[in-house]
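Text of the file my_file07.cif, holding mmCIF, C-alpha atoms:
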```
data_protein
loop_
_atom_site.label_atom_id
_atom_site.label_comp_id
_atom_site.auth_asym_id
_atom_site.auth_seq_id
_atom_site.Cartn_x
_atom_site.Cartn_y
_atom_site.Cartn_z
CA MET A 1 119.95 165.54 117.45
CA GLU A 2 121.07 162.21 116.05
CA ASN A 3 124.38 161.64 114.30
CA ILE A 4 124.65 159.69 111.05
CA THR A 5 127.27 156.96 111.02
CA GLN A 6 129.36 156.37 107.91
CA PHE A 7 127.49 153.10 107.29
CA GLU A 8 124.11 154.86 107.55
CA LYS A 9 125.34 157.64 105.28
CA THR A 10 126.42 155.12 102.65
CA GLN A 11 123.07 153.33 102.85
CA LEU A 12 121.21 156.62 102.61
CA ARG A 13 123.29 157.75 99.62
CA ASN A 14 122.64 154.47 97.78
CA THR A 15 118.92 154.66 98.51
CA PHE A 16 118.82 158.31 97.41
CA TRP A 17 120.40 157.55 94.04
CA LYS A 18 118.21 154.49 93.56
CA TYR A 19 114.95 156.38 94.10
CA VAL A 20 116.01 159.55 92.29
CA THR A 21 117.53 157.82 89.26
CA LEU A 22 114.52 155.55 88.76
CA ASN A 23 112.09 158.45 89.03
CA ILE A 24 114.09 160.71 86.71
CA LEU A 25 114.09 157.94 84.11
CA SER A 26 110.34 157.45 84.60
CA MET A 27 109.57 161.14 84.18
CA ILE A 28 111.88 161.51 81.19
CA GLY A 29 110.04 158.58 79.62
CA MET A 30 106.75 160.38 80.20
CA SER A 31 108.05 163.62 78.69
CA CYS A 32 109.46 161.69 75.73
CA PHE A 33 106.02 160.35 74.85
CA ILE A 34 104.71 163.94 74.93
CA PHE A 35 107.65 164.91 72.71
CA VAL A 36 106.85 162.12 70.24
CA ASP A 37 103.14 162.99 70.41
CA THR A 38 104.03 166.54 69.40
CA LEU A 39 106.40 165.27 66.69
CA CYS A 40 103.77 162.94 65.22
CA ILE A 41 101.13 165.66 65.15
CA ALA A 42 103.59 168.18 63.65
CA ASN A 43 104.48 165.85 60.80
CA GLY A 44 101.24 163.89 60.47
CA VAL A 45 98.66 166.66 60.89
CA GLY A 46 100.44 170.02 60.57
CA ASN A 47 100.42 173.42 62.27
CA ASN A 48 96.69 173.36 63.02
CA GLY A 49 97.21 170.08 64.84
CA LEU A 50 100.10 171.57 66.81
CA THR A 51 97.99 174.57 67.73
CA ALA A 52 95.13 172.29 68.82
CA LEU A 53 97.51 170.20 70.90
CA ASN A 54 98.84 173.28 72.65
CA LEU A 55 95.34 174.58 73.35
CA VAL A 56 94.37 171.24 74.93
CA LEU A 57 97.43 171.14 77.20
CA PRO A 58 95.77 173.19 80.01
CA VAL A 59 92.91 170.67 80.14
CA TYR A 60 95.28 167.71 80.24
CA ALA A 61 97.29 169.53 82.90
CA ALA A 62 94.16 169.81 85.07
CA VAL A 63 93.53 166.06 84.82
CA ASN A 64 97.15 165.07 85.40
CA GLY A 65 97.56 167.66 88.16
CA THR A 66 94.55 166.30 90.02
CA GLY A 67 96.01 162.78 89.80
CA LEU A 68 99.39 163.95 91.07
CA MET A 69 97.77 165.89 93.91
CA LEU A 70 95.81 162.87 95.11
CA GLY A 71 98.67 160.41 94.56
CA ILE A 72 101.51 162.41 96.10
CA GLY A 73 99.38 163.93 98.86
CA ALA A 74 97.95 160.60 100.00
CA ALA A 75 101.25 158.76 99.54
CA SER A 76 103.02 161.34 101.73
CA ARG A 77 100.44 160.73 104.47
CA TYR A 78 100.89 157.00 103.95
CA SER A 79 104.69 157.08 104.40
CA MET A 80 104.55 159.37 107.43
CA ALA A 81 101.86 157.21 109.02
CA ARG A 82 103.87 154.02 108.49
CA GLY A 83 106.97 155.76 109.84
CA LYS A 84 105.01 156.39 113.04
CA GLY A 85 103.56 152.86 113.10
CA GLU A 86 100.00 154.06 112.36
CA TYR A 87 99.06 151.36 109.85
CA GLU A 88 95.29 151.89 109.83
CA ALA A 89 95.80 155.57 109.02
CA ALA A 90 98.13 154.52 106.20
CA ASP A 91 95.43 152.29 104.67
CA ARG A 92 92.84 155.04 105.02
CA ALA A 93 95.06 157.42 103.05
CA PHE A 94 95.05 154.96 100.14
CA SER A 95 91.31 154.34 100.34
CA GLN A 96 90.46 158.04 100.40
CA ALA A 97 92.73 158.68 97.41
CA VAL A 98 91.06 155.94 95.34
CA ILE A 99 87.56 157.26 96.06
CA LEU A 100 88.60 160.80 95.16
CA ALA A 101 90.38 159.66 91.97
CA VAL A 102 87.37 157.72 90.69
CA THR A 103 84.97 160.58 91.46
CA ALA A 104 87.15 163.27 89.86
CA GLY A 105 87.91 161.04 86.88
CA VAL A 106 84.24 160.50 86.07
CA LEU A 107 83.53 164.24 86.34
CA PHE A 108 86.39 165.08 83.98
CA MET A 109 85.23 162.40 81.54
CA LEU A 110 81.66 163.73 81.43
CA ALA A 111 82.72 167.37 81.13
CA GLY A 112 85.23 166.61 78.37
CA GLY A 113 82.81 164.45 76.43
CA ILE A 114 79.78 166.76 76.57
CA PHE A 115 81.30 170.25 76.40
CA THR A 116 84.26 169.62 74.06
CA GLY A 117 83.36 172.23 71.47
CA ALA A 118 82.53 174.92 74.02
CA ILE A 119 85.80 174.29 75.90
CA GLY A 120 87.80 174.41 72.66
CA THR A 121 86.23 177.71 71.66
CA ALA A 122 86.87 179.15 75.13
CA LEU A 123 90.52 178.09 74.82
CA GLY A 124 90.87 180.22 71.68
CA ALA A 125 90.43 177.71 68.82
CA ASP A 126 89.11 179.02 65.51
CA ASP A 127 87.11 176.82 63.13
CA SER A 128 90.15 175.32 61.40
CA VAL A 129 91.84 174.43 64.71
CA LEU A 130 88.59 173.26 66.28
CA ARG A 131 88.31 170.50 63.66
CA GLU A 132 91.52 169.01 64.99
CA LEU A 133 90.92 169.84 68.66
CA VAL A 134 87.51 168.21 69.19
CA PRO A 135 88.44 164.57 68.40
CA TYR A 136 91.71 164.92 70.33
CA MET A 137 90.18 166.35 73.50
CA ARG A 138 87.06 164.16 73.49
CA THR A 139 89.10 160.96 73.16
CA LEU A 140 91.68 162.03 75.75
CA MET A 141 89.07 162.97 78.36
CA LEU A 142 87.35 159.58 78.09
CA PHE A 143 90.45 158.13 79.74
CA SER A 144 90.41 160.60 82.66
CA PRO A 145 89.61 157.94 85.33
CA ALA A 146 92.54 155.84 84.11
CA PHE A 147 94.95 158.80 84.28
CA LEU A 148 93.91 159.63 87.87
CA ILE A 149 93.89 156.09 89.26
CA ASN A 150 97.24 155.35 87.62
CA ASN A 151 98.79 158.42 89.28
CA VAL A 152 97.57 157.23 92.67
CA LEU A 153 98.88 153.68 92.19
CA VAL A 154 102.27 154.85 90.87
CA SER A 155 102.77 157.06 93.94
CA PHE A 156 101.73 154.36 96.42
CA VAL A 157 103.81 151.59 94.86
CA ARG A 158 106.83 153.94 94.92
CA ASN A 159 106.20 154.81 98.58
CA ASP A 160 105.66 151.14 99.37
CA GLY A 161 109.34 150.41 98.73
CA ASN A 162 109.06 149.36 95.09
CA PRO A 163 110.39 152.22 92.94
CA GLN A 164 111.60 149.72 90.31
CA LEU A 165 108.07 148.55 89.54
CA SER A 166 106.79 152.11 89.62
CA MET A 167 109.39 153.05 87.02
CA ALA A 168 108.70 149.94 84.94
CA ALA A 169 104.99 150.76 84.88
CA MET A 170 105.54 154.34 83.79
CA MET A 171 108.12 153.37 81.18
CA SER A 172 105.87 150.62 79.80
CA GLY A 173 102.99 153.04 79.42
CA ASN A 174 105.19 155.70 77.88
CA MET A 175 106.99 153.42 75.44
CA SER A 176 103.72 151.84 74.31
CA ASN A 177 102.37 155.33 73.74
CA ILE A 178 105.29 156.15 71.46
CA VAL A 179 104.81 152.97 69.42
CA LEU A 180 101.03 153.40 69.22
CA ASP A 181 101.41 157.08 68.33
CA ILE A 182 103.47 156.20 65.26
CA LEU A 183 101.15 153.30 64.36
CA PHE A 184 97.87 155.19 64.77
CA VAL A 185 98.95 158.54 63.23
CA PHE A 186 101.15 157.34 60.35
CA GLY A 187 100.12 153.70 59.92
CA PHE A 188 96.34 153.89 60.36
CA LYS A 189 96.10 157.60 59.37
CA TRP A 190 93.85 158.31 62.36
CA GLY A 191 95.23 161.84 62.85
CA MET A 192 94.38 163.62 66.10
CA PHE A 193 92.08 160.82 67.25
CA GLY A 194 94.94 158.33 66.88
CA ALA A 195 97.33 160.52 68.88
CA ALA A 196 94.79 160.91 71.70
CA PHE A 197 93.87 157.20 71.69
CA ALA A 198 97.54 156.23 72.00
CA THR A 199 97.95 158.61 74.95
CA GLY A 200 94.78 157.31 76.63
CA LEU A 201 95.96 153.71 76.49
CA SER A 202 99.21 154.61 78.28
CA PRO A 203 97.82 154.66 81.88
CA VAL A 204 95.86 151.47 81.22
CA ILE A 205 99.06 149.63 80.29
CA SER A 206 100.86 151.19 83.26
CA MET A 207 98.18 149.91 85.68
CA CYS A 208 98.52 146.39 84.26
CA VAL A 209 102.21 146.45 85.20
CA LEU A 210 101.47 147.93 88.66
CA SER A 211 99.03 145.09 89.35
CA LEU A 212 102.09 142.83 89.84
CA HIS A 213 102.65 144.60 93.18
CA PHE A 214 99.34 143.13 94.37
CA ILE A 215 99.51 139.81 92.54
CA LYS A 216 102.87 139.07 94.18
CA LYS A 217 101.44 140.25 97.53
CA LYS A 218 104.18 142.84 98.05
CA ASN A 219 101.72 145.57 98.97
CA HIS A 220 101.63 146.88 102.55
CA PHE A 221 98.52 148.96 101.85
CA LYS A 222 95.00 147.84 101.05
CA TYR A 223 91.67 149.38 100.19
CA GLN A 224 89.21 149.79 103.07
CA ARG A 225 85.55 150.53 102.42
CA SER A 226 84.94 153.93 103.94
CA HIS A 227 83.29 157.29 103.44
CA LEU A 228 85.21 160.42 102.61
CA LYS A 229 86.35 162.25 105.73
CA ILE A 230 86.78 166.00 105.45
CA LYS A 231 89.87 166.17 107.65
CA GLU A 232 91.70 163.41 105.77
CA VAL A 233 90.67 164.73 102.36
CA THR A 234 91.89 168.19 103.39
CA GLY A 235 95.22 166.72 104.47
CA ILE A 236 95.65 164.90 101.15
CA VAL A 237 94.74 167.98 99.12
CA LEU A 238 97.06 170.26 101.10
CA LEU A 239 100.06 167.94 100.95
CA GLY A 240 99.54 167.28 97.24
CA GLY A 241 98.46 170.82 96.50
CA ALA A 242 101.90 171.95 95.36
CA SER A 243 102.01 169.16 92.76
CA PHE A 244 98.57 170.21 91.54
CA VAL A 245 99.54 173.88 91.39
CA THR A 246 102.81 173.05 89.60
CA GLU A 247 101.01 171.00 86.96
CA VAL A 248 97.91 173.17 86.56
CA SER A 249 99.85 176.43 86.68
CA ALA A 250 101.79 175.20 83.66
CA GLY A 251 98.43 174.81 81.93
CA ILE A 252 97.30 178.26 83.08
CA VAL A 253 100.52 179.82 81.84
CA ILE A 254 100.17 178.02 78.50
CA LEU A 255 96.57 179.28 78.23
CA MET A 256 97.59 182.87 79.00
CA PHE A 257 100.56 182.68 76.67
CA ASN A 258 98.33 181.29 73.92
CA PHE A 259 96.05 184.33 74.08
CA VAL A 260 98.97 186.76 74.19
CA ILE A 261 100.84 185.00 71.38
CA LEU A 262 97.72 184.71 69.20
CA ASP A 263 97.52 188.49 69.35
CA ILE A 264 101.23 188.98 68.57
CA GLY A 265 102.21 186.07 66.33
CA GLY A 266 98.99 184.27 65.32
CA ASN A 267 98.72 180.49 64.91
CA THR A 268 102.39 180.23 63.85
CA GLY A 269 103.45 181.78 67.16
CA VAL A 270 101.22 179.42 69.14
CA ALA A 271 102.60 176.44 67.23
CA ALA A 272 106.17 177.57 67.97
CA TYR A 273 105.32 178.04 71.63
CA GLY A 274 103.72 174.58 71.69
CA VAL A 275 106.99 173.04 70.52
CA ILE A 276 109.03 175.00 73.09
CA ALA A 277 106.61 174.15 75.91
CA ASN A 278 106.71 170.46 75.04
CA ILE A 279 110.52 170.39 74.82
CA ALA A 280 110.63 172.22 78.15
CA LEU A 281 108.52 169.43 79.67
CA ILE A 282 111.52 167.12 79.33
CA ALA A 283 113.65 169.37 81.56
CA ALA A 284 110.74 169.87 83.96
CA ALA A 285 110.36 166.08 84.08
CA VAL A 286 113.94 165.77 85.33
CA PHE A 287 113.16 168.06 88.28
CA THR A 288 109.86 166.30 88.96
CA GLY A 289 111.78 163.02 88.95
CA ILE A 290 114.14 164.33 91.64
CA ALA A 291 111.19 165.65 93.66
CA GLN A 292 109.21 162.41 93.43
CA GLY A 293 112.33 160.38 94.16
CA ILE A 294 113.14 162.16 97.43
CA GLN A 295 109.51 162.39 98.61
CA PRO A 296 109.17 158.81 99.97
CA LEU A 297 112.57 159.08 101.69
CA VAL A 298 111.90 162.46 103.29
CA SER A 299 108.38 161.50 104.41
CA ARG A 300 109.57 158.26 105.99
CA LYS A 301 112.65 159.76 107.68
CA TYR A 302 110.65 162.75 108.89
CA GLY A 303 107.98 160.43 110.31
CA GLU A 304 110.71 158.47 112.12
CA GLY A 305 112.20 161.69 113.53
CA LYS A 306 115.55 161.29 111.69
CA TYR A 307 116.01 164.96 110.87
CA LYS A 308 119.71 164.86 110.00
CA GLU A 309 119.00 162.27 107.37
CA VAL A 310 116.27 164.54 106.02
CA GLY A 311 118.88 167.33 105.80
CA TYR A 312 121.26 165.03 103.94
CA ILE A 313 118.58 164.20 101.35
CA ARG A 314 117.62 167.87 101.06
CA SER A 315 121.13 169.11 100.25
CA HIS A 316 121.81 166.36 97.73
CA GLY A 317 118.45 166.92 96.02
CA LEU A 318 118.97 170.67 95.64
CA ILE A 319 122.55 170.36 94.38
CA LEU A 320 121.51 167.73 91.83
CA ALA A 321 118.62 169.93 90.64
CA LEU A 322 120.92 172.91 90.12
CA PHE A 323 123.48 170.82 88.21
CA LEU A 324 120.93 169.16 85.91
CA GLY A 325 119.07 172.44 85.38
CA THR A 326 122.23 174.09 84.14
CA ALA A 327 122.98 171.11 81.88
CA CYS A 328 119.46 171.22 80.36
CA CYS A 329 119.74 174.97 79.76
CA VAL A 330 123.12 174.80 78.02
CA GLY A 331 122.28 171.66 76.04
CA GLY A 332 118.94 173.02 74.84
CA ILE A 333 120.35 176.35 73.68
CA LEU A 334 123.30 174.73 71.88
CA GLY A 335 121.00 172.24 70.15
CA ARG A 336 118.20 174.69 69.34
CA ASP A 337 118.52 174.50 65.55
CA PHE A 338 118.33 170.71 65.54
CA LEU A 339 115.30 170.72 67.85
CA ILE A 340 113.42 173.19 65.65
CA ARG A 341 114.32 171.33 62.45
CA VAL A 342 112.76 168.14 63.82
CA PHE A 343 109.37 169.86 64.18
CA ASN A 344 109.56 172.28 61.24
CA HIS A 345 108.84 169.68 58.55
CA SER A 346 107.51 172.29 56.11
CA GLY A 347 110.54 174.57 56.49
CA ASP A 348 108.44 177.55 57.63
CA TYR A 349 110.92 180.42 58.18
CA GLY A 350 108.55 182.37 60.44
CA PHE A 351 108.12 179.31 62.66
CA TRP A 352 111.90 178.75 62.78
CA GLN A 353 112.65 182.39 63.65
CA THR A 354 110.02 182.54 66.41
CA ALA A 355 111.01 179.21 67.96
CA ARG A 356 114.75 179.99 67.88
CA GLY A 357 114.35 183.23 69.79
CA GLY A 358 112.03 181.50 72.23
CA ILE A 359 114.45 178.71 73.08
CA GLU A 360 117.35 181.10 73.64
CA THR A 361 115.41 183.00 76.31
CA TYR A 362 112.88 180.50 77.72
CA PHE A 363 115.44 177.78 78.45
CA LEU A 364 117.26 180.04 80.92
CA ALA A 365 114.41 179.15 83.30
CA PHE A 366 115.83 175.65 83.79
CA VAL A 367 118.66 176.83 86.05
CA PRO A 368 116.45 178.16 88.89
CA MET A 369 113.46 175.90 88.12
CA GLY A 370 114.99 172.77 89.64
CA ILE A 371 115.67 174.49 92.96
CA ASN A 372 112.05 175.67 93.20
CA VAL A 373 110.48 172.32 92.27
CA VAL A 374 112.64 170.35 94.72
CA ALA A 375 112.22 172.89 97.56
CA SER A 376 108.44 172.76 97.18
CA ALA A 377 108.47 168.94 97.23
CA LEU A 378 110.69 168.90 100.33
CA CYS A 379 108.19 171.00 102.28
CA ALA A 380 105.23 168.83 101.21
CA ALA A 381 107.10 165.62 102.04
CA LYS A 382 107.59 166.90 105.62
CA GLY A 383 103.88 167.62 106.00
CA GLN A 384 104.32 171.39 105.57
CA PRO A 385 101.82 172.35 102.85
CA GLY A 386 101.95 176.11 103.47
CA PRO A 387 105.53 176.76 102.25
CA SER A 388 105.11 174.14 99.53
CA LEU A 389 102.01 175.84 98.14
CA LEU A 390 103.56 179.29 98.45
CA ILE A 391 106.57 178.31 96.33
CA ALA A 392 104.34 176.61 93.75
CA MET A 393 101.94 179.56 93.57
CA LEU A 394 104.72 182.13 93.22
CA ARG A 395 106.62 180.38 90.43
CA GLY A 396 103.61 178.96 88.63
CA VAL A 397 100.76 181.44 88.95
CA VAL A 398 101.30 184.76 90.72
CA LEU A 399 104.53 185.96 89.14
CA ASP A 400 103.66 184.55 85.71
CA ILE A 401 100.32 186.38 85.65
CA ILE A 402 101.92 189.65 86.72
CA LEU A 403 104.85 189.42 84.33
CA VAL A 404 102.87 188.24 81.29
CA MET A 405 100.81 191.45 81.55
CA ILE A 406 103.96 193.58 81.56
CA PHE A 407 106.78 191.99 79.56
CA PRO A 408 105.00 191.48 76.19
CA ARG A 409 103.92 195.13 76.23
CA LEU A 410 107.55 196.16 76.60
CA TRP A 411 109.37 193.63 74.40
CA GLY A 412 106.78 191.76 72.30
CA MET A 413 107.54 188.05 71.75
CA GLU A 414 110.88 188.37 73.54
CA GLY A 415 108.91 189.56 76.55
CA VAL A 416 106.70 186.47 76.38
CA TRP A 417 109.73 184.18 76.41
CA ALA A 418 111.26 186.05 79.38
CA VAL A 419 108.25 185.60 81.69
CA VAL A 420 109.01 182.08 82.93
CA PRO A 421 112.77 182.60 83.53
CA ALA A 422 112.04 185.78 85.49
CA ALA A 423 109.30 184.12 87.58
CA GLU A 424 111.54 181.17 88.45
CA LEU A 425 114.47 183.41 89.37
CA LEU A 426 112.36 185.65 91.61
CA THR A 427 111.02 182.59 93.46
CA VAL A 428 114.48 181.17 94.30
CA PRO A 429 115.05 183.28 97.48
CA VAL A 430 111.73 182.06 98.91
CA SER A 431 112.59 178.45 98.04
CA ILE A 432 116.01 178.66 99.67
CA TRP A 433 114.49 180.28 102.77
CA PHE A 434 112.06 177.42 103.38
CA ALA A 435 114.36 174.65 102.12
CA ALA A 436 116.90 175.79 104.72
CA GLY A 437 114.33 175.00 107.41
CA ARG A 438 113.23 178.46 108.49
CA LYS A 439 109.76 178.54 109.91
CA SER A 440 106.63 180.63 109.75
CA SER A 441 103.91 179.72 112.18
CA SER A 442 101.14 180.93 109.89
CA LEU A 443 102.40 178.84 107.00
CA HIS A 444 102.97 175.77 109.13
CA LYS A 445 99.64 175.72 110.89
CA HIS A 446 98.55 172.70 108.80
CA ALA A 447 101.84 170.81 109.24
CA SER A 448 100.24 168.12 111.34
CA LEU A 449 97.66 167.24 108.67
#
```

What does this structure look like when you write it as structure tokens?
Amino acid sequence: MENITQFEKTQLRNTFWKYVTLNILSMIGMSCFIFVDTLCIANGVGNNGLTALNLVLPVYAAVNGTGLMLGIGAASRYSMARGKGEYEAADRAFSQAVILAVTAGVLFMLAGGIFTGAIGTALGADDSVLRELVPYMRTLMLFSPAFLINNVLVSFVRNDGNPQLSMAAMMSGNMSNIVLDILFVFGFKWGMFGAAFATGLSPVISMCVLSLHFIKKKNHFKYQRSHLKIKEVTGIVLLGGASFVTEVSAGIVILMFNFVILDIGGNTGVAAYGVIANIALIAAAVFTGIAQGIQPLVSRKYGEGKYKEVGYIRSHGLILALFLGTACCVGGILGRDFLIRVFNHSGDYGFWQTARGGIETYFLAFVPMGINVVASALCAAKGQPGPSLLIAMLRGVVLDIILVMIFPRLWGMEGVWAVVPAAELLTVPVSIWFAAGRKSSSLHKHASL
């Protein structure tokens, strides 16, 4: 096994911090626009708007999760292929991802445009909430192709050695969304439509910035006309599956929590949960930034057979996730009253009381969450989808579903808030097991995809 010289270690450390820092900033920027979106709706529309926003989140999560799955899965194949000198395979990964993104985007757009009311009703919206939900969801879903294609391009530009442009594109889209949110909701008085339109324009602006990578001819990948190939599509889906599960499971959990909370705390409880879930996205964005930052490095080093360098990146990524997770937990709990006050424009005491208790318990999840997100990304970046999917499924679907059926029955709303921290904590041993490099032949049978 190779040794790492001090010079190589210094280079690797500098590259690690460059990629991770840029991606954390990008993801925080994205979560900030969601935060501002929530803030604008809270103060410009009211509690029914907040409830509608929270009910739509699972649908948005499905769109965004599909884009992340295709982008990260295909980009991982791209980096590993280039590390092995297989340049045609690298180009095919990009081409397949584009075809899949366009196809999925059109399907989402049609479904969201035609069946908006039925989807809203199925998500639990009553008539008063449905009036706010329909224009928001219909407008947002029209931009589905843009969301998916942007996710693919962001991932490939980052893996193509240009994380600065990838960050600039995401930040440009996010910052424009914040400005347009304020303009459309408060300036033009467009309400929920304005908030959705501002969000939909974000990936369009991001893609305009990403086009510089091609205009300046810095791209090492290009689109090749080809048909979808089952084996390559399967490889992309498996390697990006953990990202999809992580994103979509958040939507599933939100959906399940919405139904449980509607029964316990009504629309006020759902609105409070919507605020907590959106604030929590900022912390989750930090961990996603670490995961997306180390992915190109791990994929490339793993493809080149430099396993000690992979280990170096792994240990630094996990330690950083634990440190930042603890900081987010402590900071959020200490600043809970300020955070609630920002959203509680009407001074609703029931809203304040519900949200305060939620933050104190829910935010404990941030400490183990970072370890799980980074461990799952590490496995996917090495072409090991089995462990990656297992971690994502445990923390995001399986344990949440089991616990949400038990905890609220025992402790009411406090039980609801405790579900996510408990699920994350119970997943940590599995994450550490696989992050440490232990193997399971059944889980690694697709590692060569």

Can you build me a table of region 313-393 of chain A residues sitting at most 9 Å from region 418-428 of chain A, with the closest atom pair per residue and its distance in Å to one decimal, using all atoms listed in the file, sorted by chain and residue number, as a Markdown table?
```
| residue | atom | partner | partner_atom | distance |
| --- | --- | --- | --- | --- |
| A:Gly358 | CA | A:Ala418 | CA | 8.5 |
| A:Thr361 | CA | A:Ala418 | CA | 6.0 |
| A:Tyr362 | CA | A:Ala418 | CA | 6.0 |
| A:Phe363 | CA | A:Pro421 | CA | 7.5 |
| A:Leu364 | CA | A:Pro421 | CA | 5.8 |
| A:Ala365 | CA | A:Pro421 | CA | 3.8 |
| A:Phe366 | CA | A:Pro421 | CA | 7.6 |
| A:Val367 | CA | A:Leu425 | CA | 8.5 |
| A:Pro368 | CA | A:Leu425 | CA | 5.6 |
| A:Met369 | CA | A:Glu424 | CA | 5.6 |
| A:Ile371 | CA | A:Val428 | CA | 6.9 |
| A:Asn372 | CA | A:Val428 | CA | 6.1 |
| A:Ile391 | CA | A:Thr427 | CA | 6.8 |
| A:Ala392 | CA | A:Thr427 | CA | 9.0 |
```

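Restricting the calculation to all atoms listed in the file, the smallest distance between Thr199 (chain A) and any of A:Leu110, A:Ile34, A:Val286, A:Leu39 is found for A:Ile34.
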
| field | Nearby residues (only C-alpha atoms) at most 6 Å from region 18-27 of chain A, same-chain spacing under 2 positions excluded, as a PyMOL selection string | value | chain A and resi 15-16+29-30+167+170-171+285-286+289-290+293

| request: Using the chain letters and numbering of this document, enumerate as a ChimeraX atom specification the residues selected by the PyMOL selection byres ((chain A and resi 237-248) around 6). | output: /A:61-62,65-66,69,72-73,234-236,249-251,380,385,388-389,392

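Minimum atom-to-atom distance to Ser128 (chain A), evaluated using only C-alpha atoms, belongs to A:Leu50 out of A:Val260, A:Leu148, A:Ala375, A:Leu50.
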
| request: Mind checking which residues fall within 12 Å of Gly265 (chain A), counting all atoms listed in the file, ignoring those fewer than 6 positions away in the same chain, and posting them as a PyMOL selection string? | output: chain A and resi 257-259+271-273+350-351+353-355+408+412-414+416

Selection file, C-alpha atoms, as a short mmCIF file (atom, residue, chain, number, x, y, z; two decimals), keeping the file's coordinate frame:
```cif
data_model
loop_
_atom_site.label_atom_id
_atom_site.label_comp_id
_atom_site.auth_asym_id
_atom_site.auth_seq_id
_atom_site.Cartn_x
_atom_site.Cartn_y
_atom_site.Cartn_z
CA PHE A 257 100.56 182.68 76.67
CA ASN A 258 98.33 181.29 73.92
CA PHE A 259 96.05 184.33 74.08
CA ALA A 271 102.60 176.44 67.23
CA ALA A 272 106.17 177.57 67.97
CA TYR A 273 105.32 178.04 71.63
CA GLY A 350 108.55 182.37 60.44
CA PHE A 351 108.12 179.31 62.66
CA GLN A 353 112.65 182.39 63.65
CA THR A 354 110.02 182.54 66.41
CA ALA A 355 111.01 179.21 67.96
CA PRO A 408 105.00 191.48 76.19
CA GLY A 412 106.78 191.76 72.30
CA MET A 413 107.54 188.05 71.75
CA GLU A 414 110.88 188.37 73.54
CA VAL A 416 106.70 186.47 76.38
#
```

| query | Within 12 Å of Gln11 (chain A), counting all atoms listed in the file, which residues qualify if same-chain residues fewer than 5 places away don't, as a list of chain:residue names? | reply | A:Ile4, A:Thr5, A:Gln6, A:Phe16, A:Trp17, A:Lys18, A:Glu309, A:Tyr312, A:Ile313

| task | Taking the file above as input, evaluate the PyMOL selection byres ((chain A and resi 232) around 10) and report the hits as a PyMOL selection string. | result | chain A and resi 74+77+89+92-93+96-97+228-231+233-238+449

| query | Any idea what's packed within 8 Å of region 297-300 of chain A, counting all atoms listed in the file, ignoring anything in its chain fewer than 4 positions away? Could you give it as a ChimeraX atom specification? | reply | /A:16,76-77,79-80,82-83,293,304,310,313,378,381-383

| message | Applying the PyMOL selection byres ((chain A and resi 337) around 12) to the file I just gave you, which residues come out? Please list them as a ChimeraX atom specification. | response | /A:331-336,338-344,351-360

| query | How many Å separate CA of Asn48 (chain A) from CA of Ala284 (chain A)? | reply |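 Computed distance, CA of Asn48 (chain A) to CA of Ala284 (chain A), equals 25.5 Å.
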
| request: Skip region 172-174 of chain A itself and residues of its chain fewer than 6 positions away, then list as a ChimeraX atom specification all residues within 10 Å of it, counting all atoms listed in the file. | output: /A:26-34,166,180,198-209

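When all atoms listed in the file are used to measure the gap to Gly71 (chain A), the shortest distance among A:Ser226, A:Ser155, A:Ser431, A:Thr38 belongs to A:Ser155.
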
| said: Given only C-alpha atoms as the basis, pick out the residue of A:Asp127, A:Glu132, A:Asp160, A:Asp37 nearest to Pro296 (chain A). | reply: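 Distance minimum relative to Pro296 (chain A) lands on A:Asp160.
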
| field | Computed interatomic separation between CA of Val63 (chain A) and CA of Asn159 (chain A) (Å) | value | 21.8 Å
